[in-house]
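Structure file run-v4.csv (CSV, C-alpha atoms) follows.
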```csv
chain,number,residue,atom,x,y,z
A,5,MET,CA,124.0,50.4,79.6
A,6,SER,CA,123.5,49.5,83.2
A,7,ILE,CA,121.9,46.1,83.8
A,8,TYR,CA,119.6,47.9,86.2
A,9,LYS,CA,118.7,50.6,83.7
A,10,ALA,CA,118.0,48.0,81.0
A,11,SER,CA,115.7,46.0,83.3
A,12,SER,CA,114.1,48.9,85.2
A,13,SER,CA,110.8,48.5,83.2
A,14,LYS,CA,110.4,45.0,84.8
A,15,ILE,CA,110.6,46.4,88.3
A,16,SER,CA,107.1,46.9,89.8
A,17,TYR,CA,106.9,49.6,92.6
A,18,PRO,CA,103.9,50.1,94.8
A,19,LYS,CA,102.0,53.2,93.7
A,20,SER,CA,100.9,54.7,97.0
A,21,ILE,CA,103.2,56.6,99.4
A,22,LYS,CA,101.8,54.5,102.3
A,23,GLU,CA,103.0,51.3,100.7
A,24,ARG,CA,106.5,52.8,100.0
A,25,LEU,CA,107.0,54.2,103.5
A,26,GLN,CA,108.1,52.5,106.7
A,27,ILE,CA,109.0,54.4,109.9
A,28,GLN,CA,110.3,52.6,112.9
A,29,GLY,CA,110.4,54.5,116.1
A,30,LEU,CA,113.4,53.1,118.0
A,31,THR,CA,113.7,55.7,120.7
A,32,ALA,CA,110.1,55.2,121.9
A,33,THR,CA,110.0,51.4,121.7
A,34,ASP,CA,113.4,50.1,122.7
A,35,GLU,CA,113.4,49.1,126.4
A,36,MET,CA,117.1,49.5,126.8
A,37,VAL,CA,116.9,53.2,125.7
A,38,ARG,CA,113.9,53.9,127.9
A,39,SER,CA,115.6,52.5,131.0
A,40,GLY,CA,118.8,54.5,130.5
A,41,ALA,CA,117.1,57.8,129.4
A,42,GLY,CA,118.6,60.8,131.0
A,43,THR,CA,121.7,59.2,132.6
A,44,ASP,CA,123.8,61.3,130.2
A,45,VAL,CA,122.0,64.4,131.3
A,46,ILE,CA,122.7,63.7,135.0
A,47,LYS,CA,126.3,62.9,134.2
A,48,GLY,CA,126.8,66.0,132.2
A,49,LEU,CA,125.1,68.5,134.5
A,50,THR,CA,126.8,67.2,137.6
A,51,ALA,CA,130.2,67.3,136.0
A,52,THR,CA,132.7,70.2,136.2
A,53,PRO,CA,132.5,71.9,133.7
A,54,LYS,CA,128.9,71.1,132.9
A,55,THR,CA,128.0,69.6,129.5
A,56,LEU,CA,125.1,68.3,127.5
A,57,THR,CA,125.1,66.0,124.4
A,58,PRO,CA,124.0,67.7,121.2
A,59,CYS,CA,121.3,65.0,120.6
A,60,TYR,CA,119.1,67.0,122.9
A,61,PHE,CA,119.0,69.9,120.4
A,62,TYR,CA,116.8,67.8,118.1
A,63,ASP,CA,113.3,67.7,119.2
A,64,ASP,CA,110.9,68.7,116.4
A,65,LEU,CA,111.3,72.5,117.0
A,66,GLY,CA,115.1,72.1,117.3
A,67,SER,CA,115.2,70.3,114.0
A,68,GLU,CA,113.2,73.1,112.4
A,69,LEU,CA,115.5,75.7,113.8
A,70,PHE,CA,118.5,73.9,112.5
A,71,GLU,CA,117.0,73.9,109.0
A,72,GLN,CA,116.7,77.7,109.4
A,73,ILE,CA,120.3,77.9,110.5
A,74,CYS,CA,121.3,76.2,107.3
A,75,GLU,CA,119.8,79.0,105.3
A,76,LEU,CA,121.5,81.9,107.2
A,77,PRO,CA,124.0,84.0,105.2
A,78,GLU,CA,126.7,83.5,107.9
A,79,TYR,CA,126.4,79.7,107.9
A,80,TYR,CA,128.6,78.8,105.0
A,81,VAL,CA,128.6,75.1,105.7
A,82,THR,CA,125.4,74.0,104.0
A,83,ARG,CA,125.8,76.0,100.8
A,84,THR,CA,129.4,75.1,100.4
A,85,GLU,CA,128.8,71.4,100.8
A,86,THR,CA,125.7,71.6,98.6
A,87,LYS,CA,127.8,73.1,95.8
A,88,ILE,CA,130.4,70.3,96.1
A,89,LEU,CA,127.6,67.7,96.0
A,90,GLN,CA,126.1,69.2,92.9
A,91,GLN,CA,129.5,68.8,91.2
A,92,CYS,CA,130.3,65.3,92.3
A,93,ALA,CA,127.0,63.4,92.8
A,94,GLY,CA,127.1,61.9,89.3
A,95,GLU,CA,130.6,60.5,89.9
A,96,ILE,CA,129.5,59.1,93.3
A,97,ALA,CA,126.6,57.3,91.7
A,98,ARG,CA,128.8,55.9,88.9
A,99,ILE,CA,131.4,54.7,91.4
A,100,THR,CA,129.0,53.0,93.8
A,101,GLY,CA,126.5,51.6,91.2
A,102,PRO,CA,123.0,50.6,92.5
A,103,CYS,CA,123.2,51.3,96.2
A,104,GLU,CA,120.9,51.5,99.2
A,105,LEU,CA,121.4,55.0,100.7
A,106,VAL,CA,121.5,55.2,104.5
A,107,GLU,CA,121.8,58.7,105.9
A,108,LEU,CA,122.7,59.6,109.5
A,109,GLY,CA,121.0,62.8,110.8
A,110,SER,CA,118.9,63.1,107.7
A,111,GLY,CA,116.9,66.2,108.8
A,112,SER,CA,114.9,67.5,105.8
A,113,SER,CA,117.0,65.4,103.4
A,114,THR,CA,117.5,68.5,101.2
A,115,LYS,CA,121.0,67.7,100.1
A,116,THR,CA,120.1,64.0,99.8
A,117,ARG,CA,118.0,64.9,96.8
A,118,ILE,CA,121.2,65.8,94.9
A,119,ILE,CA,122.4,62.2,95.4
A,120,LEU,CA,119.0,60.7,94.6
A,121,ASP,CA,118.8,62.6,91.4
A,122,ALA,CA,122.2,61.2,90.3
A,123,TYR,CA,121.0,57.6,91.0
A,124,GLN,CA,117.7,58.3,89.2
A,125,GLN,CA,119.5,59.7,86.2
A,126,LEU,CA,121.3,56.4,85.8
A,127,GLY,CA,118.1,54.4,86.1
A,128,TYR,CA,119.0,52.7,89.4
A,129,PRO,CA,116.3,51.5,91.8
A,130,MET,CA,116.4,53.6,95.0
A,131,VAL,CA,116.0,52.6,98.6
A,132,TYR,CA,116.6,55.4,101.2
A,133,VAL,CA,117.1,54.7,104.9
A,134,PRO,CA,117.0,58.1,106.8
A,135,ILE,CA,118.0,58.1,110.4
A,136,ASP,CA,117.1,61.0,112.7
A,137,VAL,CA,116.1,61.5,116.4
A,138,SER,CA,113.2,63.6,115.3
A,139,ALA,CA,110.3,61.4,114.2
A,140,GLY,CA,108.3,64.5,113.1
A,141,ILE,CA,110.9,65.7,110.5
A,142,LEU,CA,111.5,62.1,109.4
A,143,GLU,CA,107.9,61.6,108.4
A,144,SER,CA,107.4,65.0,106.8
A,145,SER,CA,110.6,64.9,104.7
A,146,ALA,CA,110.0,61.2,103.8
A,147,ARG,CA,106.5,61.9,102.5
A,148,GLN,CA,107.7,64.8,100.4
A,149,LEU,CA,110.5,62.7,98.9
A,150,LEU,CA,108.1,59.9,98.1
A,151,ALA,CA,105.8,62.3,96.3
A,152,ASP,CA,108.7,63.6,94.3
A,153,TYR,CA,110.4,60.3,93.5
A,154,PRO,CA,107.7,57.7,92.4
A,155,SER,CA,110.1,54.8,92.4
A,156,LEU,CA,111.7,55.5,95.8
A,157,GLU,CA,111.2,53.3,98.9
A,158,VAL,CA,111.9,54.8,102.4
A,159,HIS,CA,112.6,52.8,105.5
A,160,ALA,CA,113.1,55.4,108.1
A,161,LEU,CA,114.5,54.9,111.6
A,162,ALA,CA,113.7,57.3,114.4
A,163,GLY,CA,116.5,57.1,117.0
A,164,THR,CA,120.2,57.7,117.7
A,165,TYR,CA,122.9,56.7,115.3
A,166,GLU,CA,124.2,54.0,117.6
A,167,LEU,CA,120.9,52.3,118.1
A,168,ALA,CA,119.8,52.7,114.5
A,169,LEU,CA,123.0,51.3,112.9
A,170,GLY,CA,122.4,48.1,114.9
A,171,LYS,CA,118.9,47.8,113.5
A,172,ILE,CA,119.5,48.3,109.8
A,173,LEU,CA,118.3,45.3,107.8
A,174,PRO,CA,120.3,43.7,105.0
A,175,SER,CA,120.4,45.8,101.9
A,176,GLN,CA,117.8,45.1,99.2
A,177,LEU,CA,120.2,46.4,96.5
A,178,PRO,CA,123.7,45.1,95.5
A,179,SER,CA,125.5,47.6,97.7
A,180,ARG,CA,125.1,50.2,100.4
A,181,ILE,CA,126.4,53.7,101.1
A,182,ILE,CA,126.2,55.3,104.5
A,183,VAL,CA,126.0,59.1,104.2
A,184,PHE,CA,127.2,61.3,107.0
A,185,ILE,CA,127.3,64.9,105.7
A,186,GLY,CA,127.0,68.3,107.2
A,187,SER,CA,130.2,68.0,109.2
A,188,THR,CA,128.3,66.4,112.1
A,189,LEU,CA,131.4,64.3,112.8
A,190,GLY,CA,132.8,67.5,114.3
A,191,ASN,CA,130.4,67.2,117.3
A,192,LEU,CA,132.4,64.1,118.5
A,193,HIS,CA,135.5,64.2,120.6
A,194,PRO,CA,138.5,62.3,119.1
A,195,GLU,CA,137.9,59.2,121.1
A,196,GLU,CA,134.2,59.2,120.3
A,197,CYS,CA,135.1,59.7,116.6
A,198,ASN,CA,137.1,56.5,116.6
A,199,VAL,CA,134.2,54.5,118.2
A,200,PHE,CA,131.8,56.0,115.7
A,201,LEU,CA,134.0,55.0,112.7
A,202,SER,CA,134.2,51.5,114.1
A,203,GLU,CA,130.4,51.4,114.2
A,204,ILE,CA,130.3,52.5,110.6
A,205,THR,CA,132.7,49.7,109.5
A,206,ASN,CA,130.6,47.1,111.5
A,207,SER,CA,127.5,48.3,109.5
A,208,LEU,CA,129.1,47.8,106.1
A,209,GLN,CA,130.1,44.8,104.1
A,210,VAL,CA,133.5,44.7,102.4
A,211,GLY,CA,133.3,46.8,99.2
A,212,GLU,CA,130.4,49.0,100.5
A,213,TYR,CA,130.7,52.8,100.9
A,214,PHE,CA,130.9,55.7,103.3
A,215,LEU,CA,130.4,59.3,102.3
A,216,LEU,CA,131.6,61.8,104.8
A,217,GLY,CA,131.4,65.6,104.9
A,218,ILE,CA,133.9,67.5,107.1
A,219,ASP,CA,134.3,71.2,107.9
A,220,LEU,CA,137.9,72.2,107.4
A,221,GLN,CA,140.1,74.5,109.5
A,222,LYS,CA,139.9,78.2,108.5
A,223,PRO,CA,140.3,81.7,110.1
A,224,LYS,CA,138.4,82.6,113.2
A,225,HIS,CA,136.7,85.6,111.5
A,226,ILE,CA,134.9,83.2,109.2
A,227,LEU,CA,134.1,80.6,111.7
A,228,GLU,CA,132.6,82.6,114.6
A,229,PRO,CA,129.9,84.5,112.7
A,230,ALA,CA,128.5,81.1,111.5
A,231,TYR,CA,127.6,80.3,115.1
A,232,ASN,CA,126.6,83.8,116.2
A,233,ASP,CA,124.2,84.9,113.4
A,234,SER,CA,122.8,88.4,113.4
A,235,GLN,CA,119.2,87.1,113.4
A,236,GLY,CA,119.7,85.1,116.7
A,237,VAL,CA,118.5,81.8,115.2
A,238,THR,CA,121.5,79.9,116.6
A,239,ALA,CA,120.9,81.4,120.0
A,240,THR,CA,117.3,80.3,119.9
A,241,PHE,CA,118.4,76.8,118.8
A,242,ASN,CA,120.9,76.6,121.6
A,243,LEU,CA,118.4,77.7,124.3
A,244,ASN,CA,115.8,75.3,123.0
A,245,ILE,CA,117.8,72.4,124.4
A,246,LEU,CA,116.7,73.6,127.9
A,247,THR,CA,113.1,73.7,126.8
A,248,HIS,CA,113.5,70.1,125.5
A,249,LEU,CA,114.9,69.0,128.8
A,250,ASN,CA,112.1,70.7,130.7
A,251,ARG,CA,109.5,68.8,128.7
A,252,ARG,CA,111.2,65.5,128.6
A,253,PHE,CA,112.5,65.3,132.2
A,254,ASP,CA,110.0,67.5,134.1
A,255,GLY,CA,112.5,70.3,134.4
A,256,ASN,CA,112.2,74.0,135.4
A,257,PHE,CA,115.0,75.7,133.4
A,258,ASP,CA,114.2,79.4,132.9
A,259,THR,CA,115.5,80.1,129.5
A,260,THR,CA,115.5,83.9,130.1
A,261,GLN,CA,118.2,83.3,132.8
A,262,PHE,CA,120.7,81.8,130.3
A,263,GLU,CA,122.4,83.3,127.3
A,264,HIS,CA,124.0,81.9,124.1
A,265,TRP,CA,127.8,82.0,123.9
A,266,ALA,CA,129.8,80.6,121.0
A,267,PHE,CA,133.5,81.0,120.2
A,268,TYR,CA,136.4,79.3,118.3
A,269,ASN,CA,138.9,77.5,120.5
A,270,GLU,CA,142.0,77.9,118.4
A,271,THR,CA,144.1,75.5,120.4
A,272,ASP,CA,141.7,72.5,119.9
A,273,HIS,CA,140.5,73.7,116.5
A,274,GLN,CA,136.8,73.6,117.5
A,275,ILE,CA,133.8,75.9,117.8
A,276,GLU,CA,132.3,75.6,121.3
A,277,MET,CA,128.7,76.5,122.1
A,278,HIS,CA,127.7,77.2,125.6
A,279,LEU,CA,124.7,78.4,127.6
A,280,ARG,CA,125.8,80.9,130.3
A,281,SER,CA,123.9,81.4,133.5
A,282,LEU,CA,123.0,85.0,134.2
A,283,GLN,CA,122.5,84.6,138.0
A,284,TRP,CA,122.8,82.2,140.9
A,285,GLN,CA,120.1,79.6,140.4
A,286,THR,CA,119.0,76.0,141.1
A,287,VAL,CA,117.3,73.9,138.5
A,288,GLU,CA,115.4,70.7,139.1
A,289,LEU,CA,114.8,67.8,136.7
A,290,GLY,CA,112.0,66.0,138.5
A,291,ALA,CA,112.0,62.9,136.3
A,292,LEU,CA,115.7,62.4,136.9
A,293,ASN,CA,115.5,63.3,140.6
A,294,VAL,CA,118.4,65.7,140.3
A,295,GLN,CA,119.1,69.4,141.3
A,296,VAL,CA,121.7,71.5,139.6
A,297,ASN,CA,123.2,74.7,141.0
A,298,PHE,CA,124.6,77.4,138.8
A,299,ALA,CA,126.8,80.4,139.7
A,300,PRO,CA,126.6,83.6,137.7
A,301,GLY,CA,128.7,83.2,134.5
A,302,GLU,CA,128.8,79.4,134.8
A,303,THR,CA,128.2,77.6,131.6
A,304,ILE,CA,126.8,74.4,130.1
A,305,ARG,CA,128.8,73.4,127.0
A,306,THR,CA,126.1,72.1,124.6
A,307,GLU,CA,128.2,71.4,121.5
A,308,ILE,CA,131.7,71.3,120.0
A,309,SER,CA,132.2,71.5,116.3
A,310,ARG,CA,135.7,70.3,115.4
A,311,LYS,CA,137.4,71.6,112.3
A,312,PHE,CA,139.5,69.1,110.4
A,313,GLN,CA,142.5,68.7,108.1
A,314,LEU,CA,142.0,66.5,105.0
A,315,ASN,CA,145.3,64.7,105.4
A,316,THR,CA,144.7,63.8,109.0
A,317,MET,CA,141.2,62.6,108.3
A,318,THR,CA,142.2,60.4,105.3
A,319,GLN,CA,144.7,58.7,107.6
A,320,GLN,CA,142.2,58.2,110.3
A,321,LEU,CA,139.7,56.7,107.9
A,322,THR,CA,142.2,54.4,106.3
A,323,ALA,CA,143.3,53.1,109.7
A,324,GLN,CA,139.6,52.0,110.2
A,325,GLY,CA,139.6,50.2,106.8
A,326,LEU,CA,137.6,53.0,105.2
A,327,VAL,CA,139.9,53.9,102.3
A,328,PRO,CA,139.1,57.2,100.5
A,329,LEU,CA,138.5,56.7,96.8
A,330,GLN,CA,137.8,60.3,96.0
A,331,VAL,CA,138.1,63.6,97.9
A,332,TRP,CA,136.4,66.8,96.8
A,333,THR,CA,136.7,70.4,98.1
A,334,ASP,CA,135.4,73.8,97.2
A,335,ALA,CA,137.6,76.5,95.6
A,336,ASN,CA,138.3,78.0,99.1
A,337,GLU,CA,139.0,74.6,100.6
A,338,TRP,CA,136.5,75.4,103.4
A,339,PHE,CA,134.8,72.0,103.3
A,340,GLY,CA,135.7,68.4,102.3
A,341,LEU,CA,133.7,65.5,101.0
A,342,LEU,CA,135.2,62.0,101.1
A,343,LEU,CA,133.9,58.9,99.4
A,344,CYS,CA,135.4,55.8,101.1
A,345,GLN,CA,135.1,52.1,100.5
A,346,LEU,CA,135.4,49.4,103.2
A,347,GLN,CA,138.4,47.2,102.4
A,348,GLY,CA,138.8,43.7,103.7
```

I'd like the structure from this file rewritten - as structure tokens, please.
Amino acid sequence: MSIYKASSSKISYPKSIKERLQIQGLTATDEMVRSGAGTDVIKGLTATPKTLTPCYFYDDLGSELFEQICELPEYYVTRTETKILQQCAGEIARITGPCELVELGSGSSTKTRIILDAYQQLGYPMVYVPIDVSAGILESSARQLLADYPSLEVHALAGTYELALGKILPSQLPSRIIVFIGSTLGNLHPEECNVFLSEITNSLQVGEYFLLGIDLQKPKHILEPAYNDSQGVTATFNLNILTHLNRRFDGNFDTTQFEHWAFYNETDHQIEMHLRSLQWQTVELGALNVQVNFAPGETIRTEISRKFQLNTMTQQLTAQGLVPLQVWTDANEWFGLLLCQLQG
């Protein structure tokens, strides 16, 4: 029997949700972030070709729309990864032992429940550190989790991954696992991916864990419908990035003058999402003191979603000291889940 299971009756948890919930709003309070806000927007919209970083998808509405995308019949990613997690969560919990769970891009924390259930079944104490740019979805999902898991403590961080990883306090439990699922790693270019993995290693102690979900390479006829759904939810999600910029930076984007465009770049093995201008137009972002001209058909690339090979990814992780202990896939080998441990 686990030491923690045997002694769990001696652990006293606060009863109220309020006492078990902490939310720290990094984006709104960190002076360095405030002073640099929007510089990436200026850089991206004045470049050729134009780009935006995907973090601007995730205001509160954008986060809600993404949750809807995850339920769409064309979007295989969430249900495939969920099925893998259901099969391997118990093994993850047994391998890691009592472990503080830090999740990047937590959203509604739906899949996280599968992991929490596995730790709970073993009688382990549970501390969850969700990180998301949307403070609204952080609070709503945290409160629901705390209602459903009476022994859970939540220390939420509202901000970007980079900022939040630098603000994580020492773990209260014997170990820590950083969870990055949903194939969000695919949004990063190769050089950005290397920097990100370095930040992960810097946030872990030797012997601690990293759980990574990656979308694997597959035929175009499977990939493209997942980003061009018949209900138009992904198109609404994509266009909402302009609404977010309007509100945040005093902009005047007319979303009716742009259209959603997503396709699979077979050379670079990545889905590309764009917003395409329907006419000649000039857009102003008053808070950033910038004007942007668009020609008909000109696009803003809002996201890439790279598709990976397991062998290549295991080599890249190992080179960063994150040695894969277990690798799981579905029967179709559409998605991969890798449990890594930081080696000294």

*Write out as a VMD selection string each polymer residue whose atoms come within 8 Å of Asn242 of chain A, counting all atoms listed in the file; drop sequence neighbours fewer than 2 positions from it.*
chain A and resid 61 238 to 240 244 to 245 264 277 to 279 306

*Name the closest residue to Pro194 of chain A among the candidates A:Leu326, A:Leu49, A:Phe312, A:Thr333; distances are taken between atoms, counting only C-alpha atoms.*
A:Phe312

*Selection: 12 Å around Arg147 of chain A, only C-alpha atoms, excl. self and same-chain fewer than 2 positions, as a PyMOL selection string*: chain A and resi 20-27+112-113+134+140-145+149-154+156-160

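Using all atoms listed in the file, the nearest neighbour of Gln90 of chain A within the list A:Phe70, A:Ser187, A:Arg310, A:Leu341 is A:Leu341.
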
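The closest residue to Val237 of chain A, picked from A:Gln72, A:Gln221, A:Ser67, A:Ser207 and counting all atoms listed in the file, is A:Gln72.
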